[in-house]
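I have placed the structure first, in the form of structure tokens, so that the comments after it can refer back to it.
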Amino acid sequence: MTETPQKPVLLTGASGNLGRQLTTYLAARGWNLRLTDIAPFPGTVPAGCTFTRADLSNGVDILRLAEGCGMILHFGGVSVERPFDEVIGPNIRGLYHIYEAARREGARVLFASSNHAIGFHERAEPLNDDCQLLPDGYYGLSKAYGELMGRMYWFKHGVESVSVRIGSCFPEPTEERMLSTWLSYADLCRLCERATLADSTGCIVLWGASANARTFWRGDAREKIGWLPQDSADIYAGQLLGKTSGDPVIELYQGGGYTRIEYSRAAPPPGRLFAG
Ligand SMILES: NC(=O)c1ccc[n+]([C@@H]2O[C@H](COP(=O)([O-])OP(=O)(O)OC[C@H]3O[C@@H](n4cnc5c(N)ncnc54)[C@H](O)[C@@H]3O)[C@@H](O)[C@H]2O)c1
């Protein structure tokens with residue numbers, strides 16, 4: 001018999017790519033999901049789940065939706081690089097509403113952070129979870145802010161959170177960089193399941209990637225939730241090695257193409273962090 005959480009679970013971004021994967025996986029295990037998104041839910045809402053359309057920018061709606069929940073899987077918001085003014089509402093103010101709701105309910109948060117919170121680290125540099133936050137745009141900056149918000153709510157209010165720096169979560173990897181960053185849908189779903197069912201998490205950051213031999217990332221606290229990725233991008237190496245952009249900036253940094261958006265330096269700084 002599969003384990004189910006004692007209290008309902010709020011899933012934001014339920015109509016999005018990852019939200020739909022999580023809905024299918026967790027609903028099939030009998031979870032009581034409260035689904036929400038600003039966009040309509042595509043398809044039929046699974047039995048045992050409810051869907052409510054709401055804007056993350058509306059704090060009253062988010063507080064109401066979270067009532068009685070023990071866990072918030074927070075996947076809603078702007079999910080790609082966009083101008084600052086478009087990011088700030090859903091990803092900064094919206095996140096504040098999520099953490100305030102978690103504080104009021106005594107709920108845990110899983111925050112869908114991103115590799116773009118650390119995107120300006122060079123690919124040749126293996127990272128631990130406590131590496132410097134080096135966002136590669138306004139989107140990545142909002143994810144870095146979100147991780148810091150989790151820390152503040154932990155130290156000040158005891159709100160538990162698991163920030164997952166998701167690499168590239170797609171049906172399959174499509175370029176050489178993703179041999180390092182790919183996270184399978186199944187590994188993501190199992191991670192969210194474990195993060196919800198774990199007795200305690202404290203405030204941790206996890207690398208959201210499958211078991212890829214070419215990973216950029218190593219140390220994190222995954223044993224705290226008992227999660228180990230079971231899939232790997234390695235089987236795609238034969239078809240993807242050499243499939244690169246050819247752009248020296250994109251290929252230098254872990255954040256890939258996002259580092260290039262509105263990039264205005266003549267060239268990357270030489271050597272290590274902040275040099276030159
Ligand atoms: N897919 C990846 O590889 C990846 C990588 C890193 C991080 N992430 C993060 O995971 C989460 C889900 O990603 P995705 O690929 O499913 O993106 P997605 O764009 O498909 O889903 C995001 C959802 O958020 C909703 N949303 C946007 N603004 C909203 C608002 N103001 N109020 C309520 N809902 C709003 C959208 O309607 C959408 O359904 C995002 O937070 C994203 O930043 C994804």
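Ordering of the structure tokens sets the chain letters (A, B, ...); residue numbers start at 1 within each chain; ligands are numbered from 1 in the order shown.
All residues within region 36-239 of chain A that the backbone DSSP calculation assigns to strand (DSSP E) are A:Thr36, A:Asp37, A:Thr50, A:Phe51, A:Thr52, A:Arg53, A:Met71, A:Ile72, A:Leu73, A:His74, A:Arg108, A:Val109, A:Leu110, A:Phe111, A:Ala112, A:Ser113, A:Ser114, A:Ser161, A:Val162, A:Ser163, A:Val164, A:Arg165, A:Ile166, A:Cys203, A:Ile204, A:Val205, A:Leu206, A:Trp207, A:Gly208.
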key: Test item: residues no farther than 8 Å from ligand 1, counting only C-alpha atoms and all ligand atoms, as a PyMOL selection string   = chain A and resi 12-20+36-40+53-57+74-80+89-91+94+111-116+139+143+165-170+182-183
ask   = Near Cys69 (chain A), within 6 Å and counting only C-alpha atoms, which residues show up once chain neighbours fewer than 2 positions away are dropped, as a PyMOL selection string?
value = chain A and resi 7-9+66-67+71
Let's have the selection written as a short mmCIF file (atom, residue, chain, number, x, y, z; two decimals), in the first residue's frame, with N, CA and C atoms.
data_model
loop_
_atom_site.label_atom_id
_atom_site.label_comp_id
_atom_site.auth_asym_id
_atom_site.auth_seq_id
_atom_site.Cartn_x
_atom_site.Cartn_y
_atom_site.Cartn_z
N LYS A 7 -2.58 15.26 5.68
CA LYS A 7 -3.35 16.47 5.35
C LYS A 7 -3.32 16.70 3.84
N PRO A 8 -4.26 17.52 3.33
CA PRO A 8 -4.24 17.84 1.90
C PRO A 8 -2.93 18.51 1.50
N VAL A 9 -2.59 18.37 0.23
CA VAL A 9 -1.37 18.97 -0.34
C VAL A 9 -1.79 20.00 -1.38
N ALA A 66 -4.69 27.38 1.03
CA ALA A 66 -3.75 26.59 1.84
C ALA A 66 -4.34 26.13 3.17
N GLU A 67 -5.55 26.59 3.48
CA GLU A 67 -6.15 26.24 4.78
C GLU A 67 -6.21 24.74 4.99
N MET A 71 1.33 20.54 3.31
CA MET A 71 2.44 20.64 2.36
C MET A 71 2.02 21.52 1.20
#
List as a tab-separated table (two decimals) with C-alpha atoms, in the first residue's frame the protein and nucleic acid residues near Ala233 (chain A), meaning an atom at most 9 Å away when only C-alpha atoms are counted, but skip any in the same chain fewer than 4 places from it.
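Generated file (part.tsv):
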chain	number	residue	atom	x	y	z
A	172	GLU	CA	14.20	13.62	-22.50
A	173	PRO	CA	17.46	15.57	-22.83
A	178	MET	CA	21.31	18.36	-20.59
A	179	LEU	CA	23.53	15.29	-20.23
A	180	SER	CA	24.57	17.14	-17.05
A	181	THR	CA	21.32	18.85	-16.04
A	182	TRP	CA	18.47	16.52	-17.05
A	183	LEU	CA	15.88	15.49	-14.46
A	184	SER	CA	13.37	12.86	-15.52
A	210	SER	CA	18.80	12.54	-12.39
A	211	ALA	CA	21.85	10.30	-11.85
A	212	ASN	CA	23.87	11.82	-14.70
A	213	ALA	CA	27.57	10.89	-14.93
A	214	ARG	CA	28.36	14.34	-16.41
A	237	ALA	CA	25.20	10.52	-24.65
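Across A:Gly256, A:Gly106, A:Gly246, A:Gly226, the tightest approach to Asp136 (chain A) is made by A:Gly256 when counting only C-alpha atoms.
Inside region 177-271 of chain A, the residues DSSP reads as alpha helix (DSSP H) when given the backbone are A:Met178, A:Leu179, A:Ser180, A:Thr181, A:Tyr185, A:Ala186, A:Asp187, A:Leu188, A:Cys189, A:Arg190, A:Leu191, A:Cys192, A:Glu193, A:Arg194, A:Ala195, A:Thr196, A:Leu197, A:Ala237, A:Gly238, A:Gln239, A:Leu240, A:Pro248, A:Val249, A:Ile250, A:Glu251, A:Leu252.
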message = Would you pick out the contacts of Val109 (chain A) at 8 Å or less, using only C-alpha atoms, so that residues sharing its chain but fewer than 6 positions from it are not included, and give the list as a PyMOL selection string?
response = chain A and resi 71-74+99+102+159-162
inquiry  = Which residues are close to Asp199 (chain A), i.e. within 10 Å by only C-alpha atoms, leaving aside same-chain residues fewer than 5 positions away? Reply as number ranges by chain.
reply    = A: 194, 224-225
Residues of the last selection are to be written out with C-alpha atoms, as a tab-separated table (two decimals), in the first residue's frame.
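Written out: selection_25.tsv:
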chain	number	residue	atom	x	y	z
A	194	ARG	CA	9.63	11.86	-0.52
A	224	LYS	CA	17.23	13.61	4.75
A	225	ILE	CA	14.22	12.78	2.59
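Compared by their closest atoms to Leu127 (chain A), and using only C-alpha atoms, the residues A:Gly219, A:Pro229, A:Gly238, A:Gly257 rank with A:Gly219 nearest.
As for CA of Asn58 (chain A) and CA of Tyr145 (chain A), they are spaced 19.2 Å apart.
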Of the listed residues A:Ala124, A:Ala144, A:Leu65, A:Ala267, that which approaches Leu11 (chain A) most closely, counting only C-alpha atoms = A:Leu65
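Counting only C-alpha atoms, the residue from A:Gln239, A:Thr174, A:Ser163, A:Gln132 that sits nearest to Gly146 (chain A) is A:Ser163.
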Test item: residues at most 10 Å from Ile250 (chain A), only C-alpha atoms, excluding those fewer than 4 positions along its chain, as a count of residues only = 15
